[in-house]
>>> print(open('final-v5.pdb').read())   # PDB, C-alpha atoms, pLDDT in the B column
ATOM      1  CA  MET A 253       0.000   0.000   0.000  1.00 40.00           C
ATOM      2  CA  THR A 254       1.306   3.463  -0.893  1.00 57.00           C
ATOM      3  CA  GLN A 255       2.254   5.512   2.161  1.00 73.00           C
ATOM      4  CA  ILE A 256       0.219   8.724   2.320  1.00 83.00           C
ATOM      5  CA  ARG A 257       2.398  11.666   3.256  1.00 87.00           C
ATOM      6  CA  HIS A 258       1.356  13.295   6.547  1.00 90.00           C
ATOM      7  CA  GLU A 259       2.145  16.983   7.047  1.00 87.00           C
ATOM      8  CA  PRO A 260       0.567  17.933  10.397  1.00 90.00           C
ATOM      9  CA  ILE A 261       0.604  21.688   9.769  1.00 91.00           C
ATOM     10  CA  ALA A 262      -1.094  22.984   6.619  1.00 92.00           C
ATOM     11  CA  PRO A 263       1.266  25.653   5.274  1.00 91.00           C
ATOM     12  CA  THR A 264       0.365  29.244   4.502  1.00 93.00           C
ATOM     13  CA  ARG A 265       2.420  30.336   1.505  1.00 93.00           C
ATOM     14  CA  THR A 266       2.553  31.202  -2.188  1.00 94.00           C
ATOM     15  CA  GLN A 267       4.218  28.831  -4.629  1.00 91.00           C
ATOM     16  CA  ARG A 268       4.374  28.391  -8.387  1.00 92.00           C
ATOM     17  CA  LEU A 269       3.842  25.172 -10.310  1.00 90.00           C
ATOM     18  CA  ALA A 270       4.668  24.561 -13.970  1.00 90.00           C
ATOM     19  CA  PRO A 271       1.928  23.283 -16.324  1.00 87.00           C
ATOM     20  CA  GLY A 272       1.283  19.614 -15.596  1.00 87.00           C
ATOM     21  CA  ALA A 273       3.148  19.683 -12.270  1.00 90.00           C
ATOM     22  CA  ALA A 274       1.576  17.874  -9.343  1.00 89.00           C
ATOM     23  CA  ILE A 275       1.715  17.637  -5.559  1.00 89.00           C
ATOM     24  CA  ASP A 276       1.213  14.017  -4.524  1.00 91.00           C
ATOM     25  CA  ALA A 277      -1.418  12.717  -2.112  1.00 91.00           C
ATOM     26  CA  HIS A 278      -1.013  13.985   1.452  1.00 93.00           C
ATOM     27  CA  ARG A 279      -3.035  15.111   4.448  1.00 93.00           C
ATOM     28  CA  HIS A 280      -2.858  17.761   7.163  1.00 94.00           C
ATOM     29  CA  ASP A 281      -4.162  17.976  10.715  1.00 95.00           C
ATOM     30  CA  ASP A 282      -5.256  21.520   9.792  1.00 94.00           C
ATOM     31  CA  HIS A 283      -7.882  22.853   7.404  1.00 94.00           C
ATOM     32  CA  GLN A 284      -6.632  24.551   4.248  1.00 94.00           C
ATOM     33  CA  ILE A 285      -7.854  27.034   1.665  1.00 93.00           C
ATOM     34  CA  VAL A 286      -6.302  26.339  -1.750  1.00 92.00           C
ATOM     35  CA  TYR A 287      -6.488  29.105  -4.351  1.00 93.00           C
ATOM     36  CA  ALA A 288      -5.001  29.474  -7.837  1.00 89.00           C
ATOM     37  CA  GLY A 289      -4.348  33.139  -8.525  1.00 87.00           C
ATOM     38  CA  ARG A 290      -3.299  32.138 -12.031  1.00 87.00           C
ATOM     39  CA  GLY A 291      -3.955  28.975 -14.016  1.00 86.00           C
ATOM     40  CA  VAL A 292      -6.423  26.246 -13.069  1.00 86.00           C
ATOM     41  CA  LEU A 293      -6.068  23.941 -10.062  1.00 86.00           C
ATOM     42  CA  ALA A 294      -7.461  20.414  -9.740  1.00 88.00           C
ATOM     43  CA  VAL A 295      -7.758  18.855  -6.285  1.00 90.00           C
ATOM     44  CA  THR A 296      -8.466  15.121  -6.109  1.00 89.00           C
ATOM     45  CA  THR A 297      -9.599  13.012  -3.137  1.00 88.00           C
ATOM     46  CA  SER A 298     -11.109   9.535  -2.820  1.00 85.00           C
ATOM     47  CA  ALA A 299     -14.532  11.188  -3.119  1.00 84.00           C
ATOM     48  CA  GLY A 300     -13.855  12.816  -6.494  1.00 87.00           C
ATOM     49  CA  SER A 301     -12.270  15.913  -7.945  1.00 88.00           C
ATOM     50  CA  TRP A 302     -12.709  19.662  -7.753  1.00 86.00           C
ATOM     51  CA  VAL A 303     -11.455  22.115 -10.382  1.00 84.00           C
ATOM     52  CA  ALA A 304     -10.974  25.790  -9.587  1.00 82.00           C
ATOM     53  CA  PRO A 305      -9.981  28.705 -11.841  1.00 80.00           C
ATOM     54  CA  SER A 306      -8.929  32.046 -10.389  1.00 81.00           C
ATOM     55  CA  THR A 307     -12.532  32.952  -9.536  1.00 82.00           C
ATOM     56  CA  ARG A 308     -12.806  29.973  -7.170  1.00 85.00           C
ATOM     57  CA  ALA A 309     -11.000  28.522  -4.134  1.00 90.00           C
ATOM     58  CA  ILE A 310     -11.190  25.046  -2.634  1.00 90.00           C
ATOM     59  CA  TRP A 311     -11.798  24.317   1.034  1.00 91.00           C
ATOM     60  CA  VAL A 312      -9.901  21.171   2.137  1.00 93.00           C
ATOM     61  CA  PRO A 313     -10.962  20.003   5.632  1.00 93.00           C
ATOM     62  CA  ALA A 314      -8.463  18.682   8.166  1.00 94.00           C
ATOM     63  CA  GLY A 315      -7.535  15.047   7.651  1.00 93.00           C
ATOM     64  CA  THR A 316      -8.606  14.909   3.999  1.00 93.00           C
ATOM     65  CA  VAL A 317      -6.151  13.007   1.793  1.00 93.00           C
ATOM     66  CA  HIS A 318      -5.757  15.160  -1.316  1.00 93.00           C
ATOM     67  CA  ALA A 319      -3.494  15.748  -4.312  1.00 92.00           C
ATOM     68  CA  HIS A 320      -2.990  18.839  -6.502  1.00 90.00           C
ATOM     69  CA  GLN A 321      -2.611  19.079 -10.286  1.00 90.00           C
ATOM     70  CA  ALA A 322      -1.611  22.246 -12.149  1.00 89.00           C
ATOM     71  CA  HIS A 323      -3.135  23.210 -15.483  1.00 87.00           C
ATOM     72  CA  GLY A 324      -1.418  26.177 -17.108  1.00 85.00           C
ATOM     73  CA  GLU A 325       1.163  28.240 -15.214  1.00 87.00           C
ATOM     74  CA  LEU A 326      -0.153  27.912 -11.665  1.00 88.00           C
ATOM     75  CA  GLU A 327       0.294  30.495  -8.942  1.00 91.00           C
ATOM     76  CA  LEU A 328      -0.830  28.610  -5.849  1.00 92.00           C
ATOM     77  CA  HIS A 329      -1.907  30.362  -2.648  1.00 94.00           C
ATOM     78  CA  LEU A 330      -2.295  28.177   0.453  1.00 94.00           C
ATOM     79  CA  VAL A 331      -3.961  29.320   3.676  1.00 94.00           C
ATOM     80  CA  GLY A 332      -3.686  26.967   6.666  1.00 94.00           C
ATOM     81  CA  LEU A 333      -6.242  27.110   9.502  1.00 92.00           C
ATOM     82  CA  SER A 334      -6.122  25.122  12.737  1.00 91.00           C
ATOM     83  CA  ALA A 335      -8.571  22.224  13.039  1.00 90.00           C
ATOM     84  CA  ALA A 336     -10.366  24.139  15.800  1.00 88.00           C
ATOM     85  CA  GLU A 337     -10.938  27.070  13.453  1.00 84.00           C
ATOM     86  CA  ASN A 338     -13.596  26.309  10.842  1.00 84.00           C
ATOM     87  CA  PRO A 339     -15.186  29.558   9.637  1.00 82.00           C
ATOM     88  CA  LEU A 340     -17.210  27.666   7.033  1.00 82.00           C
ATOM     89  CA  ALA A 341     -18.469  24.849   9.289  1.00 84.00           C
ATOM     90  CA  LEU A 342     -17.723  22.416   6.430  1.00 85.00           C
ATOM     91  CA  ASP A 343     -16.362  18.881   6.809  1.00 87.00           C
ATOM     92  CA  THR A 344     -16.131  18.020   3.110  1.00 86.00           C
ATOM     93  CA  PRO A 345     -14.095  19.632   0.295  1.00 87.00           C
ATOM     94  CA  THR A 346     -16.036  22.513  -1.238  1.00 87.00           C
ATOM     95  CA  VAL A 347     -15.530  25.051  -4.021  1.00 86.00           C
ATOM     96  CA  LEU A 348     -16.029  28.676  -2.984  1.00 88.00           C
ATOM     97  CA  ALA A 349     -16.583  31.800  -5.062  1.00 86.00           C
ATOM     98  CA  VAL A 350     -13.694  34.283  -4.872  1.00 89.00           C
ATOM     99  CA  GLY A 351     -14.594  37.905  -5.511  1.00 88.00           C
ATOM    100  CA  PRO A 352     -12.068  40.737  -5.996  1.00 91.00           C
ATOM    101  CA  LEU A 353     -11.775  41.551  -2.274  1.00 93.00           C
ATOM    102  CA  LEU A 354     -11.321  37.948  -1.141  1.00 93.00           C
ATOM    103  CA  ARG A 355      -8.769  37.416  -3.896  1.00 93.00           C
ATOM    104  CA  GLU A 356      -6.640  40.341  -2.739  1.00 94.00           C
ATOM    105  CA  LEU A 357      -6.906  39.243   0.895  1.00 94.00           C
ATOM    106  CA  ILE A 358      -5.708  35.720   0.063  1.00 94.00           C
ATOM    107  CA  VAL A 359      -2.841  37.023  -2.071  1.00 93.00           C
ATOM    108  CA  ALA A 360      -1.728  39.506   0.609  1.00 92.00           C
ATOM    109  CA  HIS A 361      -2.037  36.975   3.433  1.00 92.00           C
ATOM    110  CA  THR A 362       0.052  34.330   1.666  1.00 93.00           C
ATOM    111  CA  ARG A 363       2.722  36.735   0.406  1.00 88.00           C
ATOM    112  CA  THR A 364       4.349  37.203   3.859  1.00 81.00           C
ATOM    113  CA  PRO A 365       3.453  34.097   5.935  1.00 75.00           C
ATOM    114  CA  ALA A 366       6.136  34.772   8.573  1.00 76.00           C
ATOM    115  CA  ASP A 367       4.711  38.206   9.419  1.00 80.00           C
ATOM    116  CA  ASP A 368       3.058  38.143  12.879  1.00 83.00           C
ATOM    117  CA  SER A 369       2.304  41.871  13.069  1.00 89.00           C
ATOM    118  CA  PRO A 370      -1.010  43.258  14.373  1.00 91.00           C
ATOM    119  CA  GLU A 371      -1.739  44.546  10.854  1.00 90.00           C
ATOM    120  CA  ARG A 372      -1.513  41.048   9.408  1.00 89.00           C
ATOM    121  CA  ALA A 373      -3.711  39.683  12.217  1.00 89.00           C
ATOM    122  CA  ARG A 374      -6.377  42.208  11.275  1.00 92.00           C
ATOM    123  CA  LEU A 375      -6.032  41.290   7.592  1.00 92.00           C
ATOM    124  CA  ARG A 376      -6.505  37.636   8.534  1.00 90.00           C
ATOM    125  CA  ALA A 377      -9.650  38.459  10.508  1.00 92.00           C
ATOM    126  CA  VAL A 378     -11.170  40.198   7.480  1.00 94.00           C
ATOM    127  CA  LEU A 379     -10.133  37.229   5.304  1.00 92.00           C
ATOM    128  CA  LEU A 380     -12.056  34.850   7.595  1.00 90.00           C
ATOM    129  CA  ASP A 381     -15.095  37.143   7.491  1.00 91.00           C
ATOM    130  CA  GLN A 382     -15.008  37.121   3.696  1.00 92.00           C
ATOM    131  CA  LEU A 383     -14.705  33.321   3.654  1.00 88.00           C
ATOM    132  CA  ARG A 384     -17.827  33.018   5.817  1.00 87.00           C
ATOM    133  CA  ALA A 385     -19.724  35.124   3.290  1.00 86.00           C
ATOM    134  CA  SER A 386     -18.355  33.301   0.231  1.00 85.00           C
ATOM    135  CA  PRO A 387     -21.032  31.438  -1.765  1.00 76.00           C
ATOM    136  CA  GLN A 388     -20.445  27.727  -2.208  1.00 75.00           C
ATOM    137  CA  GLN A 389     -20.231  26.482  -5.804  1.00 71.00           C
ATOM    138  CA  PRO A 390     -21.491  23.056  -7.039  1.00 65.00           C
ATOM    139  CA  LEU A 391     -18.356  22.210  -9.031  1.00 73.00           C
ATOM    140  CA  HIS A 392     -17.618  18.791  -7.552  1.00 80.00           C
ATOM    141  CA  LEU A 393     -17.143  15.825  -9.896  1.00 87.00           C
ATOM    142  CA  PRO A 394     -17.826  12.837  -7.615  1.00 88.00           C
ATOM    143  CA  ALA A 395     -16.020   9.532  -8.070  1.00 87.00           C
ATOM    144  CA  PRO A 396     -18.237   6.412  -8.290  1.00 90.00           C
ATOM    145  CA  ALA A 397     -17.839   3.434  -5.966  1.00 89.00           C
ATOM    146  CA  SER A 398     -19.846   1.025  -8.133  1.00 92.00           C
ATOM    147  CA  PRO A 399     -17.533  -0.956 -10.487  1.00 94.00           C
ATOM    148  CA  VAL A 400     -19.944  -0.760 -13.437  1.00 95.00           C
ATOM    149  CA  LEU A 401     -20.427   2.981 -12.937  1.00 95.00           C
ATOM    150  CA  ARG A 402     -16.682   3.463 -12.604  1.00 93.00           C
ATOM    151  CA  THR A 403     -16.179   1.753 -15.977  1.00 96.00           C
ATOM    152  CA  LEU A 404     -18.787   3.987 -17.610  1.00 96.00           C
ATOM    153  CA  CYS A 405     -17.366   7.173 -16.067  1.00 95.00           C
ATOM    154  CA  ASP A 406     -13.849   6.206 -17.166  1.00 94.00           C
ATOM    155  CA  LEU A 407     -15.127   5.931 -20.761  1.00 95.00           C
ATOM    156  CA  LEU A 408     -16.436   9.489 -20.605  1.00 96.00           C
ATOM    157  CA  ARG A 409     -13.364  10.838 -18.832  1.00 93.00           C
ATOM    158  CA  ALA A 410     -11.295   9.484 -21.717  1.00 95.00           C
ATOM    159  CA  ASP A 411     -13.535  11.318 -24.202  1.00 96.00           C
ATOM    160  CA  PRO A 412     -15.833  13.993 -22.704  1.00 95.00           C
ATOM    161  CA  ALA A 413     -17.214  14.635 -26.215  1.00 96.00           C
ATOM    162  CA  ASP A 414     -18.713  11.115 -26.302  1.00 96.00           C
ATOM    163  CA  GLY A 415     -22.386  11.847 -26.944  1.00 94.00           C
ATOM    164  CA  ARG A 416     -23.817   8.358 -26.541  1.00 96.00           C
ATOM    165  CA  THR A 417     -27.007   7.996 -24.529  1.00 96.00           C
ATOM    166  CA  LEU A 418     -27.075   6.252 -21.179  1.00 97.00           C
ATOM    167  CA  ALA A 419     -28.809   3.288 -22.828  1.00 97.00           C
ATOM    168  CA  ALA A 420     -26.041   3.007 -25.457  1.00 97.00           C
ATOM    169  CA  LEU A 421     -23.317   3.264 -22.824  1.00 97.00           C
ATOM    170  CA  GLY A 422     -25.152   0.668 -20.766  1.00 96.00           C
ATOM    171  CA  ARG A 423     -24.855  -1.841 -23.593  1.00 96.00           C
ATOM    172  CA  VAL A 424     -21.085  -1.330 -23.518  1.00 96.00           C
ATOM    173  CA  VAL A 425     -20.712  -1.823 -19.751  1.00 95.00           C
ATOM    174  CA  GLY A 426     -23.386  -4.497 -19.422  1.00 96.00           C
ATOM    175  CA  ALA A 427     -26.069  -2.693 -17.429  1.00 95.00           C
ATOM    176  CA  SER A 428     -29.539  -1.405 -18.202  1.00 96.00           C
ATOM    177  CA  GLU A 429     -30.348   2.279 -18.500  1.00 96.00           C
ATOM    178  CA  ARG A 430     -32.653   1.971 -15.495  1.00 96.00           C
ATOM    179  CA  THR A 431     -29.919   0.414 -13.342  1.00 96.00           C
ATOM    180  CA  LEU A 432     -27.357   3.022 -14.360  1.00 96.00           C
ATOM    181  CA  SER A 433     -29.778   5.894 -13.778  1.00 96.00           C
ATOM    182  CA  ARG A 434     -30.453   4.574 -10.262  1.00 96.00           C
ATOM    183  CA  LEU A 435     -26.717   4.202  -9.583  1.00 95.00           C
ATOM    184  CA  PHE A 436     -25.981   7.767 -10.658  1.00 95.00           C
ATOM    185  CA  ARG A 437     -28.505   9.053  -8.140  1.00 94.00           C
ATOM    186  CA  SER A 438     -27.588   6.719  -5.258  1.00 94.00           C
ATOM    187  CA  ASP A 439     -23.807   6.584  -5.787  1.00 91.00           C
ATOM    188  CA  LEU A 440     -23.058  10.098  -7.095  1.00 90.00           C
ATOM    189  CA  GLY A 441     -26.037  12.115  -5.885  1.00 90.00           C
ATOM    190  CA  MET A 442     -26.839  13.489  -9.346  1.00 91.00           C
ATOM    191  CA  THR A 443     -28.355  12.461 -12.642  1.00 95.00           C
ATOM    192  CA  PHE A 444     -26.348  11.210 -15.606  1.00 96.00           C
ATOM    193  CA  PRO A 445     -26.812  14.487 -17.581  1.00 95.00           C
ATOM    194  CA  GLN A 446     -25.733  16.513 -14.529  1.00 93.00           C
ATOM    195  CA  TRP A 447     -22.585  14.419 -14.039  1.00 95.00           C
ATOM    196  CA  ARG A 448     -21.661  14.592 -17.719  1.00 95.00           C
ATOM    197  CA  THR A 449     -22.100  18.382 -17.741  1.00 94.00           C
ATOM    198  CA  GLN A 450     -19.835  18.668 -14.686  1.00 92.00           C
ATOM    199  CA  LEU A 451     -17.232  16.476 -16.397  1.00 94.00           C
ATOM    200  CA  ARG A 452     -17.337  18.606 -19.529  1.00 95.00           C
ATOM    201  CA  LEU A 453     -17.031  21.852 -17.564  1.00 93.00           C
ATOM    202  CA  HIS A 454     -14.036  20.490 -15.648  1.00 89.00           C
ATOM    203  CA  HIS A 455     -12.397  19.451 -18.912  1.00 92.00           C
ATOM    204  CA  ALA A 456     -13.211  22.846 -20.446  1.00 93.00           C
ATOM    205  CA  LEU A 457     -11.449  24.669 -17.583  1.00 88.00           C
ATOM    206  CA  VAL A 458      -8.325  22.584 -18.158  1.00 87.00           C
ATOM    207  CA  LEU A 459      -8.349  23.253 -21.911  1.00 90.00           C
ATOM    208  CA  LEU A 460      -8.894  26.988 -21.405  1.00 89.00           C
ATOM    209  CA  ALA A 461      -5.929  27.053 -18.995  1.00 83.00           C
ATOM    210  CA  GLU A 462      -3.881  25.538 -21.820  1.00 83.00           C
ATOM    211  CA  LYS A 463      -4.943  28.447 -24.096  1.00 86.00           C
ATOM    212  CA  THR A 464      -7.179  26.265 -26.299  1.00 91.00           C
ATOM    213  CA  PRO A 465      -9.556  28.413 -28.442  1.00 94.00           C
ATOM    214  CA  VAL A 466     -13.154  28.556 -27.202  1.00 94.00           C
ATOM    215  CA  THR A 467     -14.618  26.967 -30.354  1.00 95.00           C
ATOM    216  CA  THR A 468     -12.169  24.066 -30.075  1.00 96.00           C
ATOM    217  CA  VAL A 469     -12.977  23.629 -26.390  1.00 95.00           C
ATOM    218  CA  ALA A 470     -16.686  23.428 -27.199  1.00 96.00           C
ATOM    219  CA  HIS A 471     -16.018  20.711 -29.798  1.00 96.00           C
ATOM    220  CA  LEU A 472     -13.640  18.695 -27.604  1.00 96.00           C
ATOM    221  CA  CYS A 473     -16.050  18.785 -24.683  1.00 96.00           C
ATOM    222  CA  GLY A 474     -19.092  17.661 -26.640  1.00 95.00           C
ATOM    223  CA  TRP A 475     -21.219  20.773 -27.004  1.00 96.00           C
ATOM    224  CA  SER A 476     -23.182  21.047 -30.228  1.00 93.00           C
ATOM    225  CA  SER A 477     -21.951  24.599 -30.835  1.00 94.00           C
ATOM    226  CA  ALA A 478     -19.723  27.263 -29.355  1.00 95.00           C
ATOM    227  CA  SER A 479     -22.788  29.307 -28.389  1.00 95.00           C
ATOM    228  CA  ALA A 480     -24.276  26.362 -26.440  1.00 95.00           C
ATOM    229  CA  PHE A 481     -20.972  25.960 -24.570  1.00 95.00           C
ATOM    230  CA  ILE A 482     -20.714  29.699 -23.862  1.00 94.00           C
ATOM    231  CA  ASP A 483     -24.253  29.723 -22.449  1.00 94.00           C
ATOM    232  CA  VAL A 484     -23.602  26.842 -20.015  1.00 93.00           C
ATOM    233  CA  PHE A 485     -20.218  28.277 -19.026  1.00 91.00           C
ATOM    234  CA  ARG A 486     -21.668  31.740 -18.355  1.00 88.00           C
ATOM    235  CA  ARG A 487     -24.497  30.331 -16.228  1.00 87.00           C
ATOM    236  CA  THR A 488     -22.022  28.262 -14.190  1.00 84.00           C
ATOM    237  CA  PHE A 489     -19.130  30.705 -13.735  1.00 79.00           C
ATOM    238  CA  GLY A 490     -20.757  34.104 -14.208  1.00 77.00           C
ATOM    239  CA  HIS A 491     -18.644  35.127 -17.209  1.00 80.00           C
ATOM    240  CA  THR A 492     -17.927  33.901 -20.724  1.00 86.00           C
ATOM    241  CA  PRO A 493     -15.057  31.498 -21.499  1.00 86.00           C
ATOM    242  CA  GLY A 494     -13.556  34.159 -23.781  1.00 73.00           C
ATOM    243  CA  SER A 495     -13.062  36.400 -20.730  1.00 62.00           C
ATOM    244  CA  HIS A 496     -11.958  33.518 -18.523  1.00 52.00           C
ATOM    245  CA  PRO A 497      -8.869  34.527 -16.497  1.00 52.00           C
ATOM    246  CA  THR A 498      -6.150  31.955 -17.160  1.00 48.00           C
ATOM    247  CA  GLY A 499      -3.089  33.954 -16.218  1.00 46.00           C
TER     248      GLY A 499
END
>>> encode(input="final-v5.pdb", output="structure tokens")
Amino acid sequence: MTQIRHEPIAPTRTQRLAPGAAIDAHRHDDHQIVYAGRGVLAVTTSAGSWVAPSTRAIWVPAGTVHAHQAHGELELHLVGLSAAENPLALDTPTVLAVGPLLRELIVAHTRTPADDSPERARLRAVLLDQLRASPQQPLHLPAPASPVLRTLCDLLRADPADGRTLAALGRVVGASERTLSRLFRSDLGMTFPQWRTQLRLHHALVLLAEKTPVTTVAHLCGWSSASAFIDVFRRTFGHTPGSHPTG
């Protein structure tokens, strides 16, 4: 069995990762806020994956085994919080909206982690207040436990543009549409169309971080047209993919 790295204290710092670079699976005794000021960050746990551009941060609760993956030139900002300090009252990884003020607070707080001045303490207090007010975002791509569902999801991960119906995919994995539909709801907590849309949006964020043109992203992710992709992207992230901040 692979030994999971244990780092008791979750660091507060800024670091840069090259495109494709990764931080292997590890856990902290502290909570952590993970934010990509530039590029797109993917955080993976046994429960699934979360993808966050620079308008989102990821809350990683204490004890959660997680790994990081960089897409594009990543400027990573890490904020460690003691296990007794949970301003969000969350015990599962969660994506949070990051507005302009919260962004600047995170960047400033992680720029000088060794500073223990009263000014920095006040900045940290405002940061925690802003975190409490930050809307949670449903950008989680859950990982299935069911073997048959895992096989189906792996097929779509390999090609998010695969447009086959659930019935057609069921014939490939040896399960009925009814069985698969039930498994999506019971195992993943969402419908098949909802999961596939989440998968495609996650893949789109990665491609945009790699400077892929919007029309190409729409095609590679399975949307019928660029306008259909732009509409879903705008409704999910609040801005168009053409104005998406990638660094």
>>> residues_around(input="final-v5.pdb", residues="Gln446 of chain A", least_positions_apart="4", cutoff="12 Å", atoms="all atoms listed in the file", output="number ranges by chain")
A: 390-394, 433, 436-437, 440-442, 450-453, 484
>>> resolve_selection(input="final-v5.pdb", expression="the PyMOL selection byres ((chain A and resi 386) around 10)", output="list in words")
Arg308, Ala309, Leu340, Val347, Leu348, Ala349, Val350, Gly351, Leu354, Leu380, Asp381, Gln382, Leu383, Arg384, Ala385, Pro387, Gln388 and Gln389 of chain A
>>> atom_distance(input="final-v5.pdb", atom1="atom CA of Glu429 of chain A", atom2="atom CA of Val400 of chain A")
12.0 Å
>>> closest_residue(input="final-v5.pdb", among="A:Leu379, A:Ala299, A:Ala480, A:Val331", to="Thr467 of chain A", atoms="all atoms listed in the file")
A:Ala480
>>> residues_around(input="final-v5.pdb", residues="Val295 of chain A", least_positions_apart="5", cutoff="6 Å", atoms="only C-alpha atoms", output="list in words")
Ser301, Trp302, Ala319 and His320 of chain A
>>> residues_near_point(input="final-v5.pdb", point="(-13.0, 22.6, -29.0)", cutoff="12 Å", atoms="all atoms listed in the file", output="JSON, numbers by chain")
{"A": [412, 413, 452, 455, 456, 457, 458, 459, 460, 462, 463, 464, 465, 466, 467, 468, 469, 470, 471, 472, 473, 474, 475, 476, 477, 478, 479, 481, 482, 493]}
>>> write_last_selection(input="final-v5.pdb", atoms="C-alpha atoms", output="short mmCIF file (atom, residue, chain, number, x, y, z; two decimals), in the coordinates of the input")
data_model
loop_
_atom_site.label_atom_id
_atom_site.label_comp_id
_atom_site.auth_asym_id
_atom_site.auth_seq_id
_atom_site.Cartn_x
_atom_site.Cartn_y
_atom_site.Cartn_z
CA PRO A 412 -15.83 13.99 -22.70
CA ALA A 413 -17.21 14.64 -26.22
CA ARG A 452 -17.34 18.61 -19.53
CA HIS A 455 -12.40 19.45 -18.91
CA ALA A 456 -13.21 22.85 -20.45
CA LEU A 457 -11.45 24.67 -17.58
CA VAL A 458 -8.32 22.58 -18.16
CA LEU A 459 -8.35 23.25 -21.91
CA LEU A 460 -8.89 26.99 -21.40
CA GLU A 462 -3.88 25.54 -21.82
CA LYS A 463 -4.94 28.45 -24.10
CA THR A 464 -7.18 26.26 -26.30
CA PRO A 465 -9.56 28.41 -28.44
CA VAL A 466 -13.15 28.56 -27.20
CA THR A 467 -14.62 26.97 -30.35
CA THR A 468 -12.17 24.07 -30.08
CA VAL A 469 -12.98 23.63 -26.39
CA ALA A 470 -16.69 23.43 -27.20
CA HIS A 471 -16.02 20.71 -29.80
CA LEU A 472 -13.64 18.70 -27.60
CA CYS A 473 -16.05 18.78 -24.68
CA GLY A 474 -19.09 17.66 -26.64
CA TRP A 475 -21.22 20.77 -27.00
CA SER A 476 -23.18 21.05 -30.23
CA SER A 477 -21.95 24.60 -30.84
CA ALA A 478 -19.72 27.26 -29.36
CA SER A 479 -22.79 29.31 -28.39
CA PHE A 481 -20.97 25.96 -24.57
CA ILE A 482 -20.71 29.70 -23.86
CA PRO A 493 -15.06 31.50 -21.50
#
>>> closest_residue(input="final-v5.pdb", among="A:Leu375, A:Leu269, A:Ala262, A:Leu432", to="Leu333 of chain A", atoms="only C-alpha atoms")
A:Ala262
>>> resolve_selection(input="final-v5.pdb", expression="the PyMOL selection byres ((chain A and resi 407) around 12)", output="number ranges by chain")
A: 400-406, 408-416, 418, 421-422, 424-425, 448, 451
>>> atom_distance(input="final-v5.pdb", atom1="atom CA of Ala273 of chain A", atom2="atom CA of Ala322 of chain A")
5.4 Å
>>> closest_residue(input="final-v5.pdb", among="A:Ala377, A:Leu328, A:Ala420, A:Val317", to="Asp282 of chain A", atoms="all atoms listed in the file")
A:Val317
>>> closest_residue(input="final-v5.pdb", among="A:Thr344, A:Leu326, A:Asp439, A:Glu356", to="Ser398 of chain A", atoms="all atoms listed in the file")
A:Asp439
>>> atom_distance(input="final-v5.pdb", atom1="atom CA of Ala395 of chain A", atom2="atom CA of Arg434 of chain A")
15.4 Å
>>> resolve_selection(input="final-v5.pdb", expression="the PyMOL selection byres ((chain A and resi 336) around 10)", output="number ranges by chain")
A: 282-283, 314, 333-335, 337-339
>>> closest_residue(input="final-v5.pdb", among="A:Arg423, A:Gln284, A:Ile358, A:Thr296", to="Arg372 of chain A", atoms="only C-alpha atoms")
A:Ile358
>>> closest_residue(input="final-v5.pdb", among="A:Ala397, A:Leu353, A:Ala277, A:Ala270", to="Arg257 of chain A", atoms="all atoms listed in the file")
A:Ala277
>>> residues_around(input="final-v5.pdb", residues="His323 of chain A", least_positions_apart="5", cutoff="8 Å", atoms="only C-alpha atoms", output="PyMOL selection string")
chain A and resi 271-273+291-294+458+461-462
>>> write_last_selection(input="final-v5.pdb", atoms="C-alpha atoms", output="PDB file, in the coordinates of the input")
ATOM      1  CA  PRO A 271       1.928  23.283 -16.324  1.00 87.00           C
ATOM      2  CA  GLY A 272       1.283  19.614 -15.596  1.00 87.00           C
ATOM      3  CA  ALA A 273       3.148  19.683 -12.270  1.00 90.00           C
ATOM      4  CA  GLY A 291      -3.955  28.975 -14.016  1.00 86.00           C
ATOM      5  CA  VAL A 292      -6.423  26.246 -13.069  1.00 86.00           C
ATOM      6  CA  LEU A 293      -6.068  23.941 -10.062  1.00 86.00           C
ATOM      7  CA  ALA A 294      -7.461  20.414  -9.740  1.00 88.00           C
ATOM      8  CA  VAL A 458      -8.325  22.584 -18.158  1.00 87.00           C
ATOM      9  CA  ALA A 461      -5.929  27.053 -18.995  1.00 83.00           C
ATOM     10  CA  GLU A 462      -3.881  25.538 -21.820  1.00 83.00           C
TER      11      GLU A 462
END
>>> residues_around(input="final-v5.pdb", residues="Arg374 of chain A", least_positions_apart="6", cutoff="12 Å", atoms="all atoms listed in the file", output="compact mmCIF listing (two decimals) with C-alpha atoms, in the frame of the given file")
# COMPACT_ATOMS: atom_id res chain seq x y z
CA LEU A 357 -6.91 39.24 0.90
CA ALA A 360 -1.73 39.51 0.61
CA HIS A 361 -2.04 36.98 3.43
CA ASP A 367 4.71 38.21 9.42
CA ASP A 368 3.06 38.14 12.88
CA LEU A 380 -12.06 34.85 7.60
CA ASP A 381 -15.10 37.14 7.49
